[in-house]
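**Student:** My structure is below; once you've seen it, I'll send some questions.
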Amino acid sequence: MNGHTSRISVELVPRSAESVAAEMAEVDAHLPWVDTINVPDLLKFDLRSWDACGLVRQAPRATGTPYPAIPHIRAADVDPDAPLAMGEELDQHGITEVLVVSGDDADYFTHHTYPVDAVDVIRRFRAELPHITVYAGLDPYRQGIAQELRYLERKLSAGAAGIFTQPFFDTSLMAAWARVLPEGMPVWWGATTVTSQGAIGYWRRRNLVAFPTDFAPTLEWQRDFARRAIEFAREREQHVYLMPVRASVADYLSGVL
C-alpha cells in the first residue's frame with residue numbers, strides 16, 4: 001500500500017468470534033468512513049490476531065468488499081526454527097499486511113517466548129512471505145528520538161514498508177516526529193481513549209506518556225483528538241488507526257467525521 005491514499009483503521013480487540021462479529025456490525029452500520037481494521041494479538045484471549053482478521057474479512061459490509069485487515073504479530077512468539085506459523089492463514093484469509101511488534105515482556109512468565117526481536121521477524125516475513133506488506137512499530141516515548149530512529153532504521157533495513165505509532169495525545173508531538181521520519185514512508189498515526197485517572201496513571205507508568213496540559217480523560221476530548229489526528233494524517237497523505245479502550249466503537253467514534 002502506498003502512503004498516498006489516506007486510510008482510517010479501527011483497532012478491535014479479539015475477545016471472541018462473537019465480539020468481533022458484533023463490533024464489525026457496529027463499524028459497518030455507524031462508521032462508513034472506516035476502511036481498515038487492525039487487530040492486536042493478546043495472550044489473554046484464545047483468538048489469535050490472524051484468525052480474528054479472518055473473521056473481519058468474512059464480516060458483511062455494506063459496500064460488499066471485505067475490509068482490509070492488519071493483524072499484529074508478536075515477535076517474541078515466533079519460533080526461529082520453524083516456518084512462520086501464521087503464513088497459511090494469512091494467505092487463506094486474503095490478508096496482505098501485518099504489523100510486527102516486539103511482544104509484551106510482562107507475559108513471559110506464563111507464556112513460552114523466544115529470544116527473537118521485531119527486526120528478525122520482519123526479515124523473515126520478507127524472505128518467507130514476500131507478498132505481504134510488513135509494518136513496524138514506533139514508540140515515541142520509550143527512549144530518546146535518536147535511539148528510536150536508529151531502531152526504526154534497522155526495521156526498515158530488514159524490510160518494513162512503513163510504521164504504526166503508539167497512540168499520541170498531542171498533534172504538536174506528532175508534528176515533531178513527522179519532521180524526522182523518512183519522507184514518503186507510510187505512517188499509521190495512533191489515537192486511543194484514556195477516560196479515567198487509573199488509565200492516565202497506567203499510560204504514564206507503563207508507556208511513559210507525557211499528556212499535554214489541555215488533556216481531559218473524557219470521551220469528548222478523545223473524540224475531538226481523533227478528529228484532529230485524522231486531519232493531521234490526511235494533510236500528509238498518511239493513515240490513522242483509532243483504538244477504543246473501555247468504550248464501545250460507536251461511543252468513541254460516532255460523529256467524529
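Residues are referred to by chain and number: the chain letter is A, B, ... according to the order shown in the C-alpha cells, the number counts from 1 in that chain, and ligands are numbered separately from 1 in the order shown.
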Find the nearest atom pair between each residue of range 196-244 of chain A and range 152-176 of chain A for residues within 8 Å, count only C-alpha atoms, give distances in Å to one decimal, sort rows by chain and ascending number, and present the table as JSON lines.
**Tutor:**
{"residue": "A:Phe211", "atom": "CA", "partner": "A:Phe169", "partner_atom": "CA", "distance": 6.5}
{"residue": "A:Pro212", "atom": "CA", "partner": "A:Asp170", "partner_atom": "CA", "distance": 6.3}
{"residue": "A:Phe215", "atom": "CA", "partner": "A:Phe169", "partner_atom": "CA", "distance": 7.7}
{"residue": "A:Phe225", "atom": "CA", "partner": "A:Phe169", "partner_atom": "CA", "distance": 7.2}
{"residue": "A:Arg228", "atom": "CA", "partner": "A:Thr171", "partner_atom": "CA", "distance": 7.5}
{"residue": "A:Ala229", "atom": "CA", "partner": "A:Thr171", "partner_atom": "CA", "distance": 6.8}
{"residue": "A:Phe232", "atom": "CA", "partner": "A:Thr171", "partner_atom": "CA", "distance": 7.5}
**Student:** Give me the residues within 12 Å of Tyr151 in chain A as a list in words, counting only C-alpha atoms and dropping any in the same chain fewer than 3 places off.
**Tutor:**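 My list of contacting residues is Ser102, Asp117, Ala118, Val119, Ala136, Gly137, Leu138, Asp139, Pro140, Arg142, Gln143, Gly144, Ile145, Ala146, Gln147, Glu148, Arg154, Lys155, Leu156, Ser157, Ala158 and Ala160 of chain A.
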**Student:** Show me, as a ChimeraX atom specification, the residues that have an atom within 8 Å of Arg227 in chain A when counting only C-alpha atoms, minus same-chain residues fewer than 4 positions from it.
**Tutor:** /A:223,231,256-257
**Student:** Take the residues just selected and output them with N, CA and C atoms as a PDB file, in the first residue's frame.
**Tutor:**
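Written out: result.pdb:
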ATOM      1  N   ARG A 223     -12.630  12.185  21.347  1.00  0.00           N
ATOM      2  CA  ARG A 223     -13.279  12.287  20.028  1.00  0.00           C
ATOM      3  C   ARG A 223     -12.719  13.457  19.253  1.00  0.00           C
ATOM      4  N   GLU A 231      -7.284  14.602  10.606  1.00  0.00           N
ATOM      5  CA  GLU A 231      -6.956  15.785   9.785  1.00  0.00           C
ATOM      6  C   GLU A 231      -5.441  15.869   9.553  1.00  0.00           C
ATOM      7  N   VAL A 256     -17.477  11.588  14.785  1.00  0.00           N
ATOM      8  CA  VAL A 256     -16.129  12.132  14.637  1.00  0.00           C
ATOM      9  C   VAL A 256     -15.972  12.761  13.241  1.00  0.00           C
ATOM     10  N   LEU A 257     -16.503  12.067  12.220  1.00  0.00           N
ATOM     11  CA  LEU A 257     -16.452  12.627  10.854  1.00  0.00           C
ATOM     12  C   LEU A 257     -17.856  12.725  10.319  1.00  0.00           C
TER      13      LEU A 257
END
**Student:** From a backbone DSSP assignment, name each residue in range 55-244 of chain A labelled helix (DSSP H, G or I), as JSON, numbers by chain.
**Tutor:** {"A": [55, 56, 57, 58, 75, 76, 77, 87, 88, 89, 90, 91, 92, 105, 106, 107, 118, 119, 120, 121, 122, 123, 124, 125, 126, 127, 128, 145, 146, 147, 148, 149, 150, 151, 152, 153, 154, 155, 156, 157, 158, 171, 172, 173, 174, 175, 176, 177, 178, 179, 180, 197, 198, 199, 200, 201, 202, 203, 204, 205, 206, 207, 219, 220, 221, 222, 223, 224, 225, 226, 227, 228, 229, 230, 231, 232, 233, 234, 235]}
**Student:** Quick one, how far is CA of Pro244 in chain A from CA of Ala25 in chain A?
**Tutor:**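 So the two atoms, CA of Pro244 in chain A and CA of Ala25 in chain A, lie 15.5 Å apart.
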**Student:** Find the residue from A:Val249, A:Ala233, A:Pro130, A:Tyr202 that sits nearest to Val187 in chain A; use only C-alpha atoms when measuring.
**Tutor:**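 Answer, going by the shortest atom-to-atom distance: A:Ala233.
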**Student:** Give me, as a list in words, all polymer residues having an atom no more than 8 Å from Thr96 in chain A, counting only C-alpha atoms and skipping those fewer than 2 positions away in the same chain.
**Tutor:**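 These residues fall inside the cut-off: Ile70, Leu90, Asp91, Gly94, Val98, His131, Ile132 and Thr133 of chain A.
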**Student:** Could you tell me how far CA of Ser254 in chain A sits from CA of Val209 in chain A, in Å to one decimal place?
**Tutor:**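 CA of Ser254 in chain A lies 26.2 Å from CA of Val209 in chain A.
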**Student:** My list of candidates is A:Ile230, A:Glu128, A:Leu253, A:Ser196. Which is closest to Glu88 in chain A when distances are computed with only C-alpha atoms?
**Tutor:**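 Of all the options, A:Glu128 lies closest to Glu88 in chain A.
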**Student:** Do a neighbour search on Cys53 in chain A at 10 Å with only C-alpha atoms, toss out local chain neighbours closer than 4 positions, and write the hits as a ChimeraX atom specification.
**Tutor:** /A:12,14,20,37-40,47-49,57-59,67-72,89-90,93-95
**Student:** Pick out the closest residue to His239 in chain A from this set: A:Gly190, A:Asp79, A:Val56, A:Trp221. Count only C-alpha atoms.
**Tutor:** A:Gly190
**Student:** Identify, on the basis of only C-alpha atoms, every residue whose closest approach to Arg74 in chain A does not exceed 7 Å; exclude the query and any residue fewer than 6 positions from it along the same chain; express the result as number ranges by chain.
**Tutor:** A: 41, 100-103
**Student:** Extract the full set of strand (DSSP E or B) residues from range 19-216 of chain A according to DSSP on the backbone, and format it as number ranges by chain.
**Tutor:** A: 36-39, 69-74, 97-101, 133-138, 162-167, 187-192
**Student:** Would you mind exporting N, CA and C atoms of the selected residues as a tab-separated table (two decimals), in the first residue's frame?
**Tutor:**
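Result saved to selection03.tsv:
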chain	number	residue	atom	x	y	z
A	36	THR	N	-10.43	0.12	7.16
A	36	THR	CA	-9.46	-0.92	7.50
A	36	THR	C	-9.69	-1.30	8.97
A	37	ILE	N	-9.35	-2.54	9.31
A	37	ILE	CA	-9.41	-2.99	10.72
A	37	ILE	C	-8.05	-3.55	11.09
A	38	ASN	N	-7.52	-3.17	12.25
A	38	ASN	CA	-6.29	-3.82	12.73
A	38	ASN	C	-6.57	-4.49	14.07
A	39	VAL	N	-5.88	-5.61	14.30
A	39	VAL	CA	-6.22	-6.47	15.44
A	39	VAL	C	-4.96	-6.85	16.21
A	69	ALA	N	-7.65	-6.19	6.56
A	69	ALA	CA	-7.41	-6.45	7.98
A	69	ALA	C	-5.91	-6.61	8.22
A	70	ILE	N	-5.43	-5.98	9.29
A	70	ILE	CA	-3.99	-6.00	9.60
A	70	ILE	C	-3.78	-6.63	10.98
A	71	PRO	N	-3.34	-7.90	11.04
A	71	PRO	CA	-3.07	-8.50	12.34
A	71	PRO	C	-1.73	-8.03	12.90
A	72	HIS	N	-1.65	-7.91	14.23
A	72	HIS	CA	-0.37	-7.65	14.89
A	72	HIS	C	0.28	-9.01	15.14
A	73	ILE	N	1.57	-9.11	14.88
A	73	ILE	CA	2.32	-10.34	15.12
A	73	ILE	C	3.35	-10.05	16.20
A	74	ARG	N	3.32	-10.83	17.29
A	74	ARG	CA	4.29	-10.63	18.39
A	74	ARG	C	5.58	-11.38	18.05
A	97	GLU	N	-1.28	-7.50	4.71
A	97	GLU	CA	-0.48	-6.57	5.52
A	97	GLU	C	-0.43	-7.10	6.95
A	98	VAL	N	0.72	-6.93	7.61
A	98	VAL	CA	0.83	-7.28	9.03
A	98	VAL	C	1.63	-6.19	9.74
A	99	LEU	N	1.43	-6.09	11.05
A	99	LEU	CA	2.26	-5.23	11.90
A	99	LEU	C	3.06	-6.13	12.82
A	100	VAL	N	4.38	-6.02	12.79
A	100	VAL	CA	5.24	-6.81	13.68
A	100	VAL	C	5.62	-5.97	14.89
A	101	VAL	N	5.26	-6.46	16.08
A	101	VAL	CA	5.61	-5.78	17.34
A	101	VAL	C	6.50	-6.71	18.15
A	133	THR	N	2.91	-7.02	2.96
A	133	THR	CA	3.48	-5.73	3.39
A	133	THR	C	3.64	-5.77	4.90
A	134	VAL	N	4.85	-5.45	5.38
A	134	VAL	CA	5.12	-5.52	6.82
A	134	VAL	C	5.31	-4.11	7.37
A	135	TYR	N	4.57	-3.80	8.44
A	135	TYR	CA	4.75	-2.54	9.16
A	135	TYR	C	5.50	-2.82	10.45
A	136	ALA	N	6.24	-1.82	10.92
A	136	ALA	CA	6.96	-1.91	12.19
A	136	ALA	C	6.31	-0.95	13.18
A	137	GLY	N	6.57	-1.16	14.47
A	137	GLY	CA	6.07	-0.24	15.48
A	137	GLY	C	7.04	0.92	15.70
A	138	LEU	N	6.49	2.06	16.12
A	138	LEU	CA	7.34	3.19	16.53
A	138	LEU	C	6.79	3.68	17.86
A	162	GLY	N	6.65	0.48	6.36
A	162	GLY	CA	6.02	1.64	6.98
A	162	GLY	C	5.88	1.38	8.47
A	163	ILE	N	5.19	2.28	9.19
A	163	ILE	CA	5.11	2.12	10.65
A	163	ILE	C	3.71	2.39	11.20
A	164	PHE	N	3.46	1.78	12.35
A	164	PHE	CA	2.33	2.13	13.22
A	164	PHE	C	2.94	2.77	14.46
A	165	THR	N	2.46	3.93	14.86
A	165	THR	CA	2.99	4.57	16.07
A	165	THR	C	2.20	4.08	17.28
A	166	GLN	N	2.79	4.23	18.47
A	166	GLN	CA	2.00	4.14	19.70
A	166	GLN	C	0.99	5.29	19.64
A	167	PRO	N	-0.13	5.20	20.36
A	167	PRO	CA	-1.07	6.32	20.34
A	167	PRO	C	-0.46	7.63	20.82
A	187	VAL	N	2.82	6.03	7.21
A	187	VAL	CA	2.74	6.11	8.67
A	187	VAL	C	1.29	5.96	9.08
A	188	TRP	N	1.03	5.09	10.05
A	188	TRP	CA	-0.28	4.99	10.69
A	188	TRP	C	-0.13	5.67	12.06
A	189	TRP	N	-0.72	6.85	12.22
A	189	TRP	CA	-0.68	7.57	13.49
A	189	TRP	C	-1.78	7.02	14.39
A	190	GLY	N	-1.45	6.80	15.67
A	190	GLY	CA	-2.43	6.19	16.58
A	190	GLY	C	-3.10	7.19	17.49
A	191	ALA	N	-4.37	6.91	17.82
A	191	ALA	CA	-5.10	7.66	18.86
A	191	ALA	C	-5.94	6.65	19.62
A	192	THR	N	-6.17	6.91	20.92
A	192	THR	CA	-6.93	5.96	21.74
A	192	THR	C	-7.77	6.71	22.76
